[in-house]
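S.K.: Handing you this structure, nothing more for now.
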Amino acid sequence: MSDGTDQTQGGERDDDRALAAEYALGLLEAEDARVFEERMARDPALRAFYADWCEQFVGLAEGEDVPPPAGVKAALDAELFAQTSATTSLMRWGFGALVGAAAAAAVAFVSLNYVIPALDQTVLEASLEGEVGVSVSARYESASGELVAARLSGSPGAGRDHELWLILPDQAPVSLGLFGADGRAIADLSGASPDVLVGAVLAVSDEPTGGSTTGAPTGDVLAIGPLTLL
Amino acid sequence: MTTRADIESYLARMALRDRAAFDLLYDATSAKLFGVCLRILNDRPQAEDALQDAFMRIWERADRYRVNGLSPMTWLITITRNVAIDRLRARRSAAGGADTTVGEEALERVADAGPTPEQAAMASSEGEKLRACLGELPADRAEAVARAYMMGDTYQELATRFDVPLNTMRTWLRRALMTLKECLTR
C-alpha cells in the first residue's frame, strides 16, 4: 500500500499505523482501544491501516480446515431461529430455496380468487430498504386490488433487472413482476384477500434482464420491507 | 468452490435476515473457522463453543461487515479470532495465568518461516509473505507478534515472558511492527 501523505505527516501516520497494528493484535488497554475505535469511526485512513493489518495477521491463523461436528450447527439454529413469528418464518424458507414450491405457490396464488368484501377499503404501505442503496416505496389499495411500487433510489446494472416479490408467511416468494424503465412495478392483487397481505413482505432482487427464469429469486436481495396497515 | 463474491452475497442477504444465506455461509466457512478456533484454544469442546459464539456474532453483525473495509474472509476470521482469544484470556485468568498449552503450532510456524527477502518476495499467499517477513525480525520479536495474535498475550504478559520492563516491551514491539510493515510493503 503506497503512502501518499506528505512528509510532515509521515511520522504521525507511522504512529497511527503502529497503533492500528496494536489494536488489531488486541494489545491496547480497554480505554485506549475505545479511543482508537472512536477515532477510526471518523478517519478513513485509520480504518485502512486497521484493515491492512487484519488482512496480514489473519495469515497467522491459517492452517488446516477442520469440519465442526453437526451439533454446533444444530445448537446455532436452536439459538438463533427457535422462536416462531412472522419475521422468523420469513427467514425459515429463505430466498433461492424451494424453487418448485415457489412455482406451485404462484399457481395457487393466482387461482385463489377470493371474493373481497370491499366495503371498507384497506390501504397497505411498505418501505423497502437494503444495504446497497436501493429503496422502494409501495402502496396497495384493496378497492383497485392494485399494488404500485416505486423505486426511490438505485438502478439495475447493465444486463440486469430489478424484480419485485411478494412473500406471504411460511410461503415461498411470488414474483410480482419487473420494475420498468420508469422505476415502477405494478401488480394486480385483486385475487388476494387484503387480510392475507397484512404483514406480508415485499422484496426486490437483482435478476438477469427479463427477470428470474426459475420462479424464485436468483440474485441478491437488494431491499426488503413488510406491508403494513396505513 | 465458494468465491469472495459468494461470501459477500451471503453476508448481504444475512443482513436482511435471510436464514438460507446463513446456512450457505456456514457450509462454506465453518471448517476454516473451526480450524482457527482449534489452533487458538487447542481444546475441542471449547473450540466448538467459540465457533458457535463466532457465528452468532457474524449473524448479528452481518449488516456491518463493510464498515471497516475488510475482505469478507478476513472479517469472518477476525471475528472468530477475537471470540476465541476472549475465551482463551478468560481461561487463562481463571487458571491464574498458568495456561501454557496453546498456540504452539502458530509459534512453530513463525519459527519455521523462510528467513530471506527473496523468499518473502516469492511468497504466493499473504500468510506466507507475513511469515517470511516475521522471519526477518529478531526471533523474539516475531514470537511476540505471534503470541499476541494467536495467544492473546498482553504487553504485561509479553514483558514478563521476555523479562524486560513494560515500556521497553512496548517500544520493542512497535518498532518491530514498523519493520514488519516495511517488509510487507516491499
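Ordering of the C-alpha cells sets the chain letters (A, B, ...); residue numbers start at 1 within each chain; ligands are numbered from 1 in the order shown.
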For chain A, which residues have at least one atom within 6 Å of chain B, if we go by only C-alpha atoms? Write them as a PyMOL selection string, please.
M.R.: chain A and resi 18+25+27+47+51+55+59+61+65-67+91+94
S.K.: Quick one: everything within 6 Å of stretch 181-191 of chain A, counting only C-alpha atoms, minus sequence neighbours fewer than 5 positions away in the same chain. Send it as a list in words.
M.R.: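 Here the qualifying residues turn out to be Asn113, Tyr114, Gly145, Glu146, Leu147, Val148, Ala149, Ala150, Arg151 and Leu176 of chain A.
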S.K.: Taking the DSSP secondary structure from the backbone, can you list the residues of stretch 15-228 of chain A that are alpha helix (DSSP H), as a PyMOL selection string?
M.R.: chain A and resi 15-25+30-42+44-61+70-81+86-93+99-112+194-197
S.K.: Within 7 Å of B:Ala54, counting only C-alpha atoms, which residues show up once you throw out same-chain ones fewer than 5 positions away? Write them as number ranges by chain, please.
M.R.: B: 79-80, 83
S.K.: How many Å lie between atom CA of A:Pro226 and atom CA of B:Ala5, rounded to one decimal?
M.R.: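 Computing it gives 27.7 Å between the two atoms.
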S.K.: Ranking A:Val123, A:Leu222, A:Met40, A:Ala172 by minimum distance to A:Ser144 and counting only C-alpha atoms, which one comes first?
M.R.: A:Val123
S.K.: Calculate how many Å separate atom CA of A:Val201 from atom CA of A:Leu152, rounding to one decimal.
M.R.: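 Separation between atom CA of A:Val201 and atom CA of A:Leu152: 17.9 Å.
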S.K.: Out of A:Glu129, A:Asp16, A:Glu37, A:Glu29, which residue has the shortest atom-to-atom distance to A:Trp53 when counting only C-alpha atoms?
M.R.: A:Asp16
S.K.: Kindly give the distance, in Å, that separates atom CA of A:His162 and atom CA of A:Thr209, rounded to a single decimal.
M.R.: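 It comes out at 8.5 Å.
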S.K.: With a distance cut-off of 12 Å and only C-alpha atoms, select the neighbouring residues of A:Gly225, excluding the residue or stretch itself and same-chain residues fewer than 6 positions from it, and output the selection as a PDB file with C-alpha atoms, in the first residue's frame.
M.R.:
```pdb
ATOM      1  CA  THR A  87     -40.398 -12.478  10.719  1.00  0.00           C
ATOM      2  CA  LEU A  90     -39.732 -15.301   6.582  1.00  0.00           C
ATOM      3  CA  LEU A 124     -51.281  -1.019   2.945  1.00  0.00           C
ATOM      4  CA  GLU A 125     -47.894   0.560   2.545  1.00  0.00           C
ATOM      5  CA  ALA A 126     -44.359  -0.750   2.557  1.00  0.00           C
ATOM      6  CA  SER A 127     -40.984   0.875   2.712  1.00  0.00           C
ATOM      7  CA  LEU A 128     -38.270  -1.370   1.285  1.00  0.00           C
ATOM      8  CA  GLU A 129     -34.676  -0.775   2.310  1.00  0.00           C
ATOM      9  CA  GLY A 130     -31.414  -2.653   1.931  1.00  0.00           C
ATOM     10  CA  VAL A 134     -31.891   0.518  -3.379  1.00  0.00           C
ATOM     11  CA  SER A 135     -35.033   1.836  -1.716  1.00  0.00           C
ATOM     12  CA  VAL A 136     -38.604   1.364  -2.780  1.00  0.00           C
ATOM     13  CA  SER A 137     -41.925   2.675  -1.594  1.00  0.00           C
ATOM     14  CA  ALA A 138     -45.036   0.556  -2.230  1.00  0.00           C
ATOM     15  CA  ARG A 139     -48.757   1.051  -1.759  1.00  0.00           C
ATOM     16  CA  ALA A 149     -44.130   0.042  -6.129  1.00  0.00           C
ATOM     17  CA  LEU A 164     -40.451  -7.377  -7.094  1.00  0.00           C
ATOM     18  CA  TRP A 165     -41.535 -10.296  -4.877  1.00  0.00           C
ATOM     19  CA  LEU A 166     -44.408 -10.902  -2.503  1.00  0.00           C
ATOM     20  CA  ILE A 167     -43.702 -13.148   0.442  1.00  0.00           C
ATOM     21  CA  VAL A 198     -51.197  -7.510   6.091  1.00  0.00           C
ATOM     22  CA  GLY A 199     -47.765  -8.459   7.392  1.00  0.00           C
ATOM     23  CA  ALA A 200     -46.683  -9.956   4.090  1.00  0.00           C
ATOM     24  CA  VAL A 201     -43.256  -8.876   2.957  1.00  0.00           C
ATOM     25  CA  LEU A 202     -42.138  -7.252  -0.281  1.00  0.00           C
ATOM     26  CA  ALA A 203     -38.622  -7.694  -1.571  1.00  0.00           C
ATOM     27  CA  VAL A 204     -36.585  -6.572  -4.569  1.00  0.00           C
TER      28      VAL A 204
ATOM     29  CA  LEU B  16     -31.621  -8.856   5.515  1.00  0.00           C
ATOM     30  CA  ARG B  17     -32.116 -11.782   7.919  1.00  0.00           C
TER      31      ARG B  17
END
```
